[in-house]
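Structure record follows, encoded as C-alpha cells.
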Protein chains: 2
Amino acid sequence: MIKYPAGQGPRLHLKTNPRSTKQATQYGSRGMTFEEMINQSNAYYLNRQLAVIHKKPTPIQIVKVDYPKRSAAKITEAYFRQASTTDYNGVYLGRYIDFETKETRNKTSFPLSNLHDHQIEHMKQCHQQGGLVFLLIYFKAHDTIYLIPYPLLEGFIQKNKKQSIPYAFIQKNAYACPQGQFPISVDYLSALDAYIEQADQNEV
Amino acid sequence: MIKYPAGQGPRLHLKTNPRSTKQATQYGSRGMTFEEMINQSNAYYLNRQLAVIHKKPTPIQIVKVDYPKRSAAKITEAYFRQASTTDYNGVYLGRYIDFETKETRNKTSFPLSNLHDHQIEHMKQCHQQGGLVFLLIYFKAHDTIYLIPYPLLEGFIQKNKKQSIPYAFIQKNAYACPQGQFPISVDYLSALDAYIEQADQNEV
C-alpha cells in the first residue's frame, strides 16, 4: 500500500508534483508558448486516438515566386493575411470541434478587442451547424486556462455592453482546464467533457 | 399550369438548361478550376446555412521577414511545405466533414499516386473518430465528379494490389455529384446525403 504524505492523496498524472517544481520549470509547460502547449496536447490526443485536432496554417498572400532550376520553388514576396476563421478545428467523439486560443496578461478581465468580428461570426456559424465551439483563454498572471463555450460568450456579449469579460465571471461560469507536464500540458478536452455533460443535463 | 417541351420535366435548379449551352460555357463552371468550383459551392452552402466548410491555407515555411516602417510585414523568403492533412474540413449537420479534392485527365482510372500516405493516414484517423471522410475526384475527360467515401477507398486499397482505381469501379460504387451553374457548380453535399442514407441503412 502506498502511503501519501499528510494532505496529499493519490495524484492524477496531470497534476504537478509539488516536490518537483524545479523539473516542472525546466521540462514542463513554463518555457512554452500557449500555442506550443496546445499543439503538444493535440499531439497527445492524436497519439492516444482521442481526437484529431490540428492548427490551421497561417494564411499568406503570395505575390512573387522564383522557380530556380533543380531546387524548390522560393517565395520572394508575400504578406500575412488576417485569418477569416479560428485557429484550430477537428473531430472529437464524431463531433466537429472549433476553437480559438487567446492569452492575456490582464489580471481582472479578458478584453474582447482580442477577438475579431469575423472570428465571432465564424464561431456563430459553426455553433449553428451543431459544432462544439469555444474559446481557450490563458491568463498569464494567474497561470490559469479557461474554456469558454460559444453560447456563454454570445450570452455575455448580448447582455453586457462591456468591452471585456471580468475574470470573476469566467471563474464562475467557464470551465477550468487542468494543466500538467509533458506529454500533455493543457488537458482542454477534460474541460470540454465537463461542458458537454452539463449541456446535456440542461437539455433534459 | 406550366407546359414543358416533350421529354423535359420540371428541372432542378442545378441542372443546366440544354438551350443555354453558350451561357453555361461563359458563366458556368467550365472556365473554373476544380478548386474554384468547390470554393464556390462552399460559399453557397455557407450563405444558405447548410454547412460551414473552408479550404485550409497552404502551409508555408517562413524563413525571412522584413518589417518596414509604417507598412505591413513583408515575407522575403519562404517555401511551400507539404500538407500533413487534407485540404478541406468543416461541419455539416453537427458532424465533422473532412475531404481531399483531386482531378485527373485519366479516362479509365484514378491513379492512387495522387494521394500521399500522410493524407490517407489523416483520413483514417478522422474516420476512426467518427468523422465523415471522403475524396472528391474530378474526371476531366468525362466531366464527372465522384464522391468516394473513405471506407470504400480503404476497402479497395486493402483488397487490390493495383496502383489505380478503375473508373468503372468508381461509377458502380461511388456517389456522383450533380453539377450545375452559379451559384453552385458542384453539389457534393447531395452526394454525401446519398452516402449517409445508404450507410445508415447498412447499420440497421
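Simple scheme: letters A, B, ... for chains in C-alpha cells order, numbers from 1 for residues in each chain, numbers from 1 for ligands in the order shown.
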Dump as a tab-separated table the rows for residues of chain B within 6 Å of chain A: closest atom pair and distance in Å with one decimal, only C-alpha atoms counted, ordered by chain and rising residue number.
```
residue	atom	partner	partner_atom	distance
B:Pro57	CA	A:Pro59	CA	5.2
B:Pro59	CA	A:Pro57	CA	5.2
B:Lys74	CA	A:Tyr79	CA	5.3
B:Ile75	CA	A:Ala78	CA	4.9
B:Thr76	CA	A:Thr76	CA	4.6
B:Glu77	CA	A:Thr76	CA	5.0
B:Ala78	CA	A:Ile75	CA	4.9
B:Tyr79	CA	A:Lys74	CA	5.3
B:Val91	CA	A:Tyr96	CA	5.9
B:Leu93	CA	A:Gln129	CA	5.8
B:Gly94	CA	A:Gly130	CA	3.9
B:Arg95	CA	A:Arg95	CA	5.2
B:Tyr96	CA	A:Tyr96	CA	4.4
B:Gln129	CA	A:Gly94	CA	5.4
B:Gly130	CA	A:Gly94	CA	3.9
B:Gly131	CA	A:Gly94	CA	5.2
```
Restricting the output to all heavy atoms, write the selected residues as a compact mmCIF listing (two decimals), in the first residue's frame.
```txt
# COMPACT_ATOMS: atom_id res chain seq x y z
N PRO B 57 -5.56 27.07 -45.45
CA PRO B 57 -4.49 27.80 -46.16
C PRO B 57 -3.34 26.86 -46.52
O PRO B 57 -3.13 25.84 -45.85
CB PRO B 57 -4.03 28.83 -45.12
CG PRO B 57 -5.14 28.93 -44.13
CD PRO B 57 -5.79 27.58 -44.10
N PRO B 59 0.18 25.43 -46.44
CA PRO B 59 1.22 25.54 -45.41
C PRO B 59 2.54 26.05 -45.99
O PRO B 59 3.01 25.54 -47.00
CB PRO B 59 1.37 24.11 -44.88
CG PRO B 59 0.71 23.23 -45.86
CD PRO B 59 -0.15 24.05 -46.76
N LYS B 74 6.75 42.17 -44.51
CA LYS B 74 6.91 41.56 -45.83
C LYS B 74 7.76 40.29 -45.71
O LYS B 74 8.88 40.34 -45.20
CB LYS B 74 7.60 42.57 -46.74
CG LYS B 74 7.83 42.10 -48.16
CD LYS B 74 8.52 43.22 -48.95
CE LYS B 74 8.97 42.73 -50.31
NZ LYS B 74 9.67 43.81 -51.04
N ILE B 75 7.20 39.18 -46.17
CA ILE B 75 7.94 37.92 -46.15
C ILE B 75 8.83 37.91 -47.40
O ILE B 75 8.35 38.04 -48.52
CB ILE B 75 6.96 36.74 -46.17
CG1 ILE B 75 6.07 36.77 -44.90
CG2 ILE B 75 7.73 35.41 -46.25
CD1 ILE B 75 4.80 35.95 -45.02
N THR B 76 10.14 37.77 -47.21
CA THR B 76 11.06 37.84 -48.35
C THR B 76 11.69 36.49 -48.70
O THR B 76 12.31 36.34 -49.74
CB THR B 76 12.19 38.85 -48.08
OG1 THR B 76 12.84 38.47 -46.86
CG2 THR B 76 11.63 40.26 -47.95
N GLU B 77 11.53 35.51 -47.80
CA GLU B 77 11.99 34.16 -48.14
C GLU B 77 11.09 33.13 -47.46
O GLU B 77 10.97 33.11 -46.23
CB GLU B 77 13.46 33.93 -47.74
CG GLU B 77 13.97 32.57 -48.24
CD GLU B 77 15.41 32.29 -47.83
OE1 GLU B 77 16.10 33.21 -47.33
OE2 GLU B 77 15.84 31.13 -48.00
N ALA B 78 10.49 32.29 -48.27
CA ALA B 78 9.60 31.26 -47.73
C ALA B 78 9.50 30.13 -48.73
O ALA B 78 9.80 30.31 -49.91
CB ALA B 78 8.23 31.86 -47.44
N TYR B 79 9.09 28.96 -48.24
CA TYR B 79 8.98 27.78 -49.11
C TYR B 79 7.66 27.05 -48.87
O TYR B 79 7.13 27.10 -47.76
CB TYR B 79 10.16 26.83 -48.85
CG TYR B 79 11.48 27.49 -49.11
CD1 TYR B 79 12.16 28.16 -48.09
CD2 TYR B 79 12.04 27.50 -50.39
CE1 TYR B 79 13.36 28.81 -48.35
CE2 TYR B 79 13.23 28.15 -50.65
CZ TYR B 79 13.89 28.80 -49.63
OH TYR B 79 15.07 29.46 -49.88
N VAL B 91 -18.10 21.56 -40.81
CA VAL B 91 -19.20 20.94 -40.07
C VAL B 91 -20.47 20.94 -40.91
O VAL B 91 -20.79 21.93 -41.58
CB VAL B 91 -19.41 21.66 -38.70
CG1 VAL B 91 -19.64 23.16 -38.87
CG2 VAL B 91 -20.52 21.04 -37.89
N LEU B 93 -24.51 19.25 -40.47
CA LEU B 93 -25.47 18.52 -39.61
C LEU B 93 -24.82 18.11 -38.28
O LEU B 93 -25.11 17.03 -37.76
CB LEU B 93 -25.99 17.26 -40.34
CG LEU B 93 -26.61 17.46 -41.72
CD1 LEU B 93 -26.89 16.11 -42.37
CD2 LEU B 93 -27.92 18.24 -41.62
N GLY B 94 -23.98 18.98 -37.76
CA GLY B 94 -23.32 18.71 -36.49
C GLY B 94 -22.13 17.78 -36.59
O GLY B 94 -21.39 17.60 -35.64
N ARG B 95 -21.95 17.18 -37.77
CA ARG B 95 -20.88 16.19 -37.92
C ARG B 95 -19.63 16.79 -38.55
O ARG B 95 -19.69 17.76 -39.30
CB ARG B 95 -21.37 15.01 -38.77
CG ARG B 95 -22.47 14.26 -38.04
CD ARG B 95 -22.80 12.97 -38.73
NE ARG B 95 -21.70 12.00 -38.64
CZ ARG B 95 -21.78 10.77 -39.11
NH1 ARG B 95 -22.89 10.36 -39.67
NH2 ARG B 95 -20.76 9.94 -39.02
N TYR B 96 -18.51 16.18 -38.23
CA TYR B 96 -17.24 16.62 -38.79
C TYR B 96 -17.09 16.07 -40.20
O TYR B 96 -17.27 14.88 -40.45
CB TYR B 96 -16.10 16.12 -37.90
CG TYR B 96 -14.73 16.46 -38.44
CD1 TYR B 96 -14.24 17.75 -38.35
CD2 TYR B 96 -13.94 15.49 -39.05
CE1 TYR B 96 -12.99 18.08 -38.84
CE2 TYR B 96 -12.68 15.80 -39.53
CZ TYR B 96 -12.22 17.10 -39.43
OH TYR B 96 -10.98 17.42 -39.92
N GLN B 129 -12.43 8.57 -35.70
CA GLN B 129 -13.05 9.44 -34.69
C GLN B 129 -14.52 9.71 -35.00
O GLN B 129 -15.16 10.52 -34.31
CB GLN B 129 -12.29 10.77 -34.58
CG GLN B 129 -11.00 10.69 -33.79
CD GLN B 129 -11.21 10.21 -32.37
OE1 GLN B 129 -12.20 10.57 -31.74
NE2 GLN B 129 -10.30 9.40 -31.87
N GLY B 130 -15.03 9.11 -36.07
CA GLY B 130 -16.45 9.28 -36.39
C GLY B 130 -16.75 10.39 -37.37
O GLY B 130 -17.91 10.75 -37.56
N GLY B 131 -15.72 10.95 -37.99
CA GLY B 131 -15.95 12.00 -38.98
C GLY B 131 -16.42 11.41 -40.31
O GLY B 131 -16.25 10.22 -40.56
```
Test item: residues at most 7 Å from region 148-162 of chain B, only C-alpha atoms, excluding those fewer than 5 positions along its chain, as an MDAnalysis selection string:
chainID B and resid 133:136 174:175
Take chain A, superimpose it onto chain B by least squares using every C-alpha atom paired in sequence order, and output the result as an mmCIF file with C-alpha atoms, in the first residue's frame.
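Written file, part-v1.cif:
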```cif
data_model
loop_
_atom_site.group_PDB
_atom_site.id
_atom_site.type_symbol
_atom_site.label_atom_id
_atom_site.label_comp_id
_atom_site.auth_asym_id
_atom_site.auth_seq_id
_atom_site.Cartn_x
_atom_site.Cartn_y
_atom_site.Cartn_z
ATOM 1 C CA MET A 1 -49.683 25.053 -66.022
ATOM 2 C CA ILE A 2 -46.204 24.934 -67.436
ATOM 3 C CA LYS A 3 -45.755 22.801 -70.554
ATOM 4 C CA TYR A 4 -42.365 21.211 -70.890
ATOM 5 C CA PRO A 5 -40.941 20.179 -74.280
ATOM 6 C CA ALA A 6 -41.304 16.463 -75.024
ATOM 7 C CA GLY A 7 -38.978 14.375 -72.897
ATOM 8 C CA GLN A 8 -38.130 17.241 -70.568
ATOM 9 C CA GLY A 9 -39.755 17.318 -67.147
ATOM 10 C CA PRO A 10 -39.392 20.152 -64.662
ATOM 11 C CA ARG A 11 -35.663 20.545 -64.047
ATOM 12 C CA LEU A 12 -33.952 20.977 -60.759
ATOM 13 C CA HIS A 13 -32.254 24.332 -60.446
ATOM 14 C CA LEU A 14 -28.927 22.557 -60.494
ATOM 15 C CA LYS A 15 -29.270 21.024 -63.920
ATOM 16 C CA THR A 16 -28.065 22.996 -66.879
ATOM 17 C CA ASN A 17 -30.751 23.900 -69.337
ATOM 18 C CA PRO A 18 -29.603 22.339 -72.645
ATOM 19 C CA ARG A 19 -30.827 25.385 -74.545
ATOM 20 C CA SER A 20 -28.472 27.721 -72.734
ATOM 21 C CA THR A 21 -25.224 25.912 -73.471
ATOM 22 C CA LYS A 22 -23.490 29.091 -74.539
ATOM 23 C CA GLN A 23 -24.331 30.884 -71.335
ATOM 24 C CA ALA A 24 -23.274 27.845 -69.342
ATOM 25 C CA THR A 25 -19.899 27.914 -71.023
ATOM 26 C CA GLN A 26 -19.538 31.586 -70.352
ATOM 27 C CA TYR A 27 -20.803 31.882 -66.763
ATOM 28 C CA GLY A 28 -20.926 28.270 -65.637
ATOM 29 C CA SER A 29 -18.242 26.128 -64.150
ATOM 30 C CA ARG A 30 -16.373 25.411 -67.379
ATOM 31 C CA GLY A 31 -13.931 28.269 -66.999
ATOM 32 C CA MET A 32 -13.280 27.531 -63.318
ATOM 33 C CA THR A 33 -10.670 25.318 -61.768
ATOM 34 C CA PHE A 34 -11.953 22.428 -59.675
ATOM 35 C CA GLU A 35 -10.786 24.270 -56.558
ATOM 36 C CA GLU A 36 -12.771 27.365 -57.566
ATOM 37 C CA MET A 37 -15.835 25.198 -58.150
ATOM 38 C CA ILE A 38 -15.568 23.698 -54.646
ATOM 39 C CA ASN A 39 -14.919 27.076 -53.027
ATOM 40 C CA GLN A 40 -17.976 28.533 -54.772
ATOM 41 C CA SER A 41 -20.093 25.629 -53.547
ATOM 42 C CA ASN A 42 -18.781 26.164 -50.001
ATOM 43 C CA ALA A 43 -19.723 29.862 -50.166
ATOM 44 C CA TYR A 44 -23.222 28.800 -51.269
ATOM 45 C CA TYR A 45 -23.528 26.283 -48.398
ATOM 46 C CA LEU A 46 -22.314 28.927 -45.917
ATOM 47 C CA ASN A 47 -24.767 31.593 -47.159
ATOM 48 C CA ARG A 48 -27.667 29.165 -47.003
ATOM 49 C CA GLN A 49 -26.579 28.020 -43.513
ATOM 50 C CA LEU A 50 -26.293 24.440 -44.756
ATOM 51 C CA ALA A 51 -22.683 23.819 -43.710
ATOM 52 C CA VAL A 52 -19.489 25.598 -42.668
ATOM 53 C CA ILE A 53 -16.653 24.210 -44.776
ATOM 54 C CA HIS A 54 -13.417 26.042 -45.587
ATOM 55 C CA LYS A 55 -10.248 25.291 -47.506
ATOM 56 C CA LYS A 56 -7.203 25.300 -45.255
ATOM 57 C CA PRO A 57 -4.475 27.784 -46.134
ATOM 58 C CA THR A 58 -1.441 26.418 -47.992
ATOM 59 C CA PRO A 59 1.247 25.511 -45.437
ATOM 60 C CA ILE A 60 4.311 27.678 -45.906
ATOM 61 C CA GLN A 61 7.712 27.615 -44.228
ATOM 62 C CA ILE A 62 8.698 31.212 -43.531
ATOM 63 C CA VAL A 63 12.452 31.910 -43.480
ATOM 64 C CA LYS A 64 12.878 35.690 -43.696
ATOM 65 C CA VAL A 65 10.546 38.562 -42.861
ATOM 66 C CA ASP A 66 11.209 42.277 -43.313
ATOM 67 C CA TYR A 67 9.463 44.757 -41.043
ATOM 68 C CA PRO A 68 9.522 48.050 -42.965
ATOM 69 C CA LYS A 69 8.525 51.192 -41.046
ATOM 70 C CA ARG A 70 4.909 52.244 -41.476
ATOM 71 C CA SER A 71 3.972 49.297 -43.691
ATOM 72 C CA ALA A 72 2.989 45.670 -43.436
ATOM 73 C CA ALA A 73 5.510 42.938 -42.624
ATOM 74 C CA LYS A 74 6.913 41.526 -45.864
ATOM 75 C CA ILE A 75 7.941 37.897 -46.216
ATOM 76 C CA THR A 76 11.045 37.814 -48.431
ATOM 77 C CA GLU A 77 11.990 34.144 -48.246
ATOM 78 C CA ALA A 78 9.588 31.246 -47.814
ATOM 79 C CA TYR A 79 8.966 27.775 -49.197
ATOM 80 C CA PHE A 80 5.935 25.586 -49.844
ATOM 81 C CA ARG A 81 5.553 22.739 -47.360
ATOM 82 C CA GLN A 82 3.755 19.481 -48.033
ATOM 83 C CA ALA A 83 0.341 19.457 -46.363
ATOM 84 C CA SER A 84 0.069 16.939 -43.520
ATOM 85 C CA THR A 85 -3.709 16.806 -43.673
ATOM 86 C CA THR A 86 -6.407 17.172 -46.310
ATOM 87 C CA ASP A 87 -7.447 20.417 -47.993
ATOM 88 C CA TYR A 88 -10.978 20.881 -46.662
ATOM 89 C CA ASN A 89 -12.814 20.361 -43.393
ATOM 90 C CA GLY A 90 -15.785 21.713 -41.519
ATOM 91 C CA VAL A 91 -19.155 20.938 -39.999
ATOM 92 C CA TYR A 92 -22.387 19.642 -41.570
ATOM 93 C CA LEU A 93 -25.426 18.526 -39.534
ATOM 94 C CA GLY A 94 -23.262 18.681 -36.407
ATOM 95 C CA ARG A 95 -20.827 16.178 -37.854
ATOM 96 C CA TYR A 96 -17.190 16.615 -38.730
ATOM 97 C CA ILE A 97 -16.540 16.671 -42.492
ATOM 98 C CA ASP A 98 -13.075 16.109 -43.954
ATOM 99 C CA PHE A 99 -12.144 15.691 -47.601
ATOM 100 C CA GLU A 100 -9.479 15.961 -50.219
ATOM 101 C CA THR A 101 -10.101 17.059 -53.803
ATOM 102 C CA LYS A 102 -8.270 15.601 -56.794
ATOM 103 C CA GLU A 103 -8.610 15.943 -60.527
ATOM 104 C CA THR A 104 -7.388 13.710 -63.314
ATOM 105 C CA ARG A 105 -7.314 13.705 -67.111
ATOM 106 C CA ASN A 106 -7.191 9.905 -67.031
ATOM 107 C CA LYS A 107 -10.237 8.362 -68.753
ATOM 108 C CA THR A 108 -10.181 4.844 -67.366
ATOM 109 C CA SER A 109 -8.966 5.162 -63.784
ATOM 110 C CA PHE A 110 -7.863 7.347 -60.847
ATOM 111 C CA PRO A 111 -4.127 6.864 -60.184
ATOM 112 C CA LEU A 112 -3.585 6.339 -56.450
ATOM 113 C CA SER A 113 -0.194 8.071 -56.707
ATOM 114 C CA ASN A 114 -2.259 11.274 -56.516
ATOM 115 C CA LEU A 115 -2.794 10.569 -52.827
ATOM 116 C CA HIS A 116 0.056 10.920 -50.338
ATOM 117 C CA ASP A 117 0.454 8.363 -47.547
ATOM 118 C CA HIS A 118 0.076 11.028 -44.849
ATOM 119 C CA GLN A 119 -3.196 12.177 -46.441
ATOM 120 C CA ILE A 120 -4.577 8.626 -46.318
ATOM 121 C CA GLU A 121 -3.336 8.320 -42.707
ATOM 122 C CA HIS A 122 -5.099 11.577 -41.767
ATOM 123 C CA MET A 123 -8.320 10.407 -43.453
ATOM 124 C CA LYS A 124 -8.124 7.129 -41.538
ATOM 125 C CA GLN A 125 -7.638 8.948 -38.200
ATOM 126 C CA CYS A 126 -10.629 11.229 -38.833
ATOM 127 C CA HIS A 127 -12.783 8.290 -39.923
ATOM 128 C CA GLN A 128 -11.873 6.382 -36.745
ATOM 129 C CA GLN A 129 -13.015 9.404 -34.694
ATOM 130 C CA GLY A 130 -16.420 9.253 -36.383
ATOM 131 C CA GLY A 131 -15.914 11.973 -38.973
ATOM 132 C CA LEU A 132 -17.415 11.857 -42.463
ATOM 133 C CA VAL A 133 -14.334 11.508 -44.662
ATOM 134 C CA PHE A 134 -14.185 11.292 -48.438
ATOM 135 C CA LEU A 135 -12.417 12.055 -51.683
ATOM 136 C CA LEU A 136 -13.900 14.258 -54.380
ATOM 137 C CA ILE A 137 -12.487 13.318 -57.786
ATOM 138 C CA TYR A 138 -13.033 15.349 -60.935
ATOM 139 C CA PHE A 139 -12.665 13.291 -64.113
ATOM 140 C CA LYS A 140 -11.970 15.974 -66.680
ATOM 141 C CA ALA A 141 -12.320 13.673 -69.710
ATOM 142 C CA HIS A 142 -15.851 12.693 -68.653
ATOM 143 C CA ASP A 143 -16.717 15.985 -66.917
ATOM 144 C CA THR A 144 -17.947 13.970 -63.947
ATOM 145 C CA ILE A 145 -17.316 14.395 -60.224
ATOM 146 C CA TYR A 146 -17.522 11.501 -57.775
ATOM 147 C CA LEU A 147 -17.587 11.363 -53.984
ATOM 148 C CA ILE A 148 -15.651 8.348 -52.706
ATOM 149 C CA PRO A 149 -16.279 7.655 -49.002
ATOM 150 C CA TYR A 150 -13.134 6.745 -47.059
ATOM 151 C CA PRO A 151 -14.354 3.208 -46.201
ATOM 152 C CA LEU A 152 -14.788 2.491 -49.927
ATOM 153 C CA LEU A 153 -11.276 3.812 -50.647
ATOM 154 C CA GLU A 154 -9.764 1.803 -47.777
ATOM 155 C CA GLY A 155 -11.597 -1.351 -48.847
ATOM 156 C CA PHE A 156 -10.363 -0.985 -52.423
ATOM 157 C CA ILE A 157 -6.734 -0.436 -51.359
ATOM 158 C CA GLN A 158 -6.826 -3.458 -49.009
ATOM 159 C CA LYS A 159 -8.409 -5.841 -51.521
ATOM 160 C CA ASN A 160 -6.548 -4.761 -54.634
ATOM 161 C CA LYS A 161 -2.866 -4.503 -55.332
ATOM 162 C CA LYS A 162 -3.600 -2.074 -58.166
ATOM 163 C CA GLN A 163 -2.022 1.340 -58.477
ATOM 164 C CA SER A 164 -5.264 2.929 -59.595
ATOM 165 C CA ILE A 165 -9.019 2.718 -59.090
ATOM 166 C CA PRO A 166 -10.838 1.833 -62.347
ATOM 167 C CA TYR A 167 -13.386 4.397 -63.503
ATOM 168 C CA ALA A 168 -15.946 1.581 -63.877
ATOM 169 C CA PHE A 169 -15.504 0.695 -60.171
ATOM 170 C CA ILE A 170 -16.051 4.333 -59.197
ATOM 171 C CA GLN A 171 -19.127 4.656 -61.457
ATOM 172 C CA LYS A 172 -20.607 1.565 -59.817
ATOM 173 C CA ASN A 173 -19.711 2.155 -56.141
ATOM 174 C CA ALA A 174 -19.095 5.873 -55.553
ATOM 175 C CA TYR A 175 -21.604 8.747 -55.429
ATOM 176 C CA ALA A 176 -22.000 11.095 -58.407
ATOM 177 C CA CYS A 177 -22.056 14.806 -57.545
ATOM 178 C CA PRO A 178 -24.672 16.844 -59.451
ATOM 179 C CA GLN A 179 -23.113 19.711 -61.382
ATOM 180 C CA GLY A 180 -24.822 23.004 -61.934
ATOM 181 C CA GLN A 181 -24.265 26.666 -62.557
ATOM 182 C CA PHE A 182 -23.718 29.708 -60.383
ATOM 183 C CA PRO A 183 -24.292 29.902 -57.417
ATOM 184 C CA ILE A 184 -23.481 26.221 -56.980
ATOM 185 C CA SER A 185 -21.284 24.380 -59.426
ATOM 186 C CA VAL A 186 -20.771 21.108 -57.528
ATOM 187 C CA ASP A 187 -23.469 19.979 -55.124
ATOM 188 C CA TYR A 188 -21.297 17.480 -53.303
ATOM 189 C CA LEU A 189 -23.424 17.601 -50.124
ATOM 190 C CA SER A 190 -26.291 15.932 -51.991
ATOM 191 C CA ALA A 191 -23.896 13.096 -52.889
ATOM 192 C CA LEU A 192 -22.877 13.000 -49.214
ATOM 193 C CA ASP A 193 -26.568 12.798 -48.207
ATOM 194 C CA ALA A 194 -26.961 9.760 -50.464
ATOM 195 C CA TYR A 195 -23.933 8.139 -48.824
ATOM 196 C CA ILE A 196 -25.145 8.911 -45.268
ATOM 197 C CA GLU A 197 -28.572 7.457 -46.083
ATOM 198 C CA GLN A 198 -27.083 4.250 -47.451
ATOM 199 C CA ALA A 199 -24.577 3.954 -44.584
ATOM 200 C CA ASP A 200 -27.399 4.349 -42.057
ATOM 201 C CA GLN A 201 -29.431 1.627 -43.808
ATOM 202 C CA ASN A 202 -26.471 -0.760 -43.698
ATOM 203 C CA GLU A 203 -26.112 -0.201 -39.954
ATOM 204 C CA VAL A 204 -29.706 -1.254 -39.254
#
```
Would you list, as a PyMOL selection string, the residues of region 14-134 of chain A that end up in strand (DSSP E or B) under DSSP run on this structure's backbone?
chain A and resi 52-55+60-66+74-80+88-92+95-104+109-111+132-134
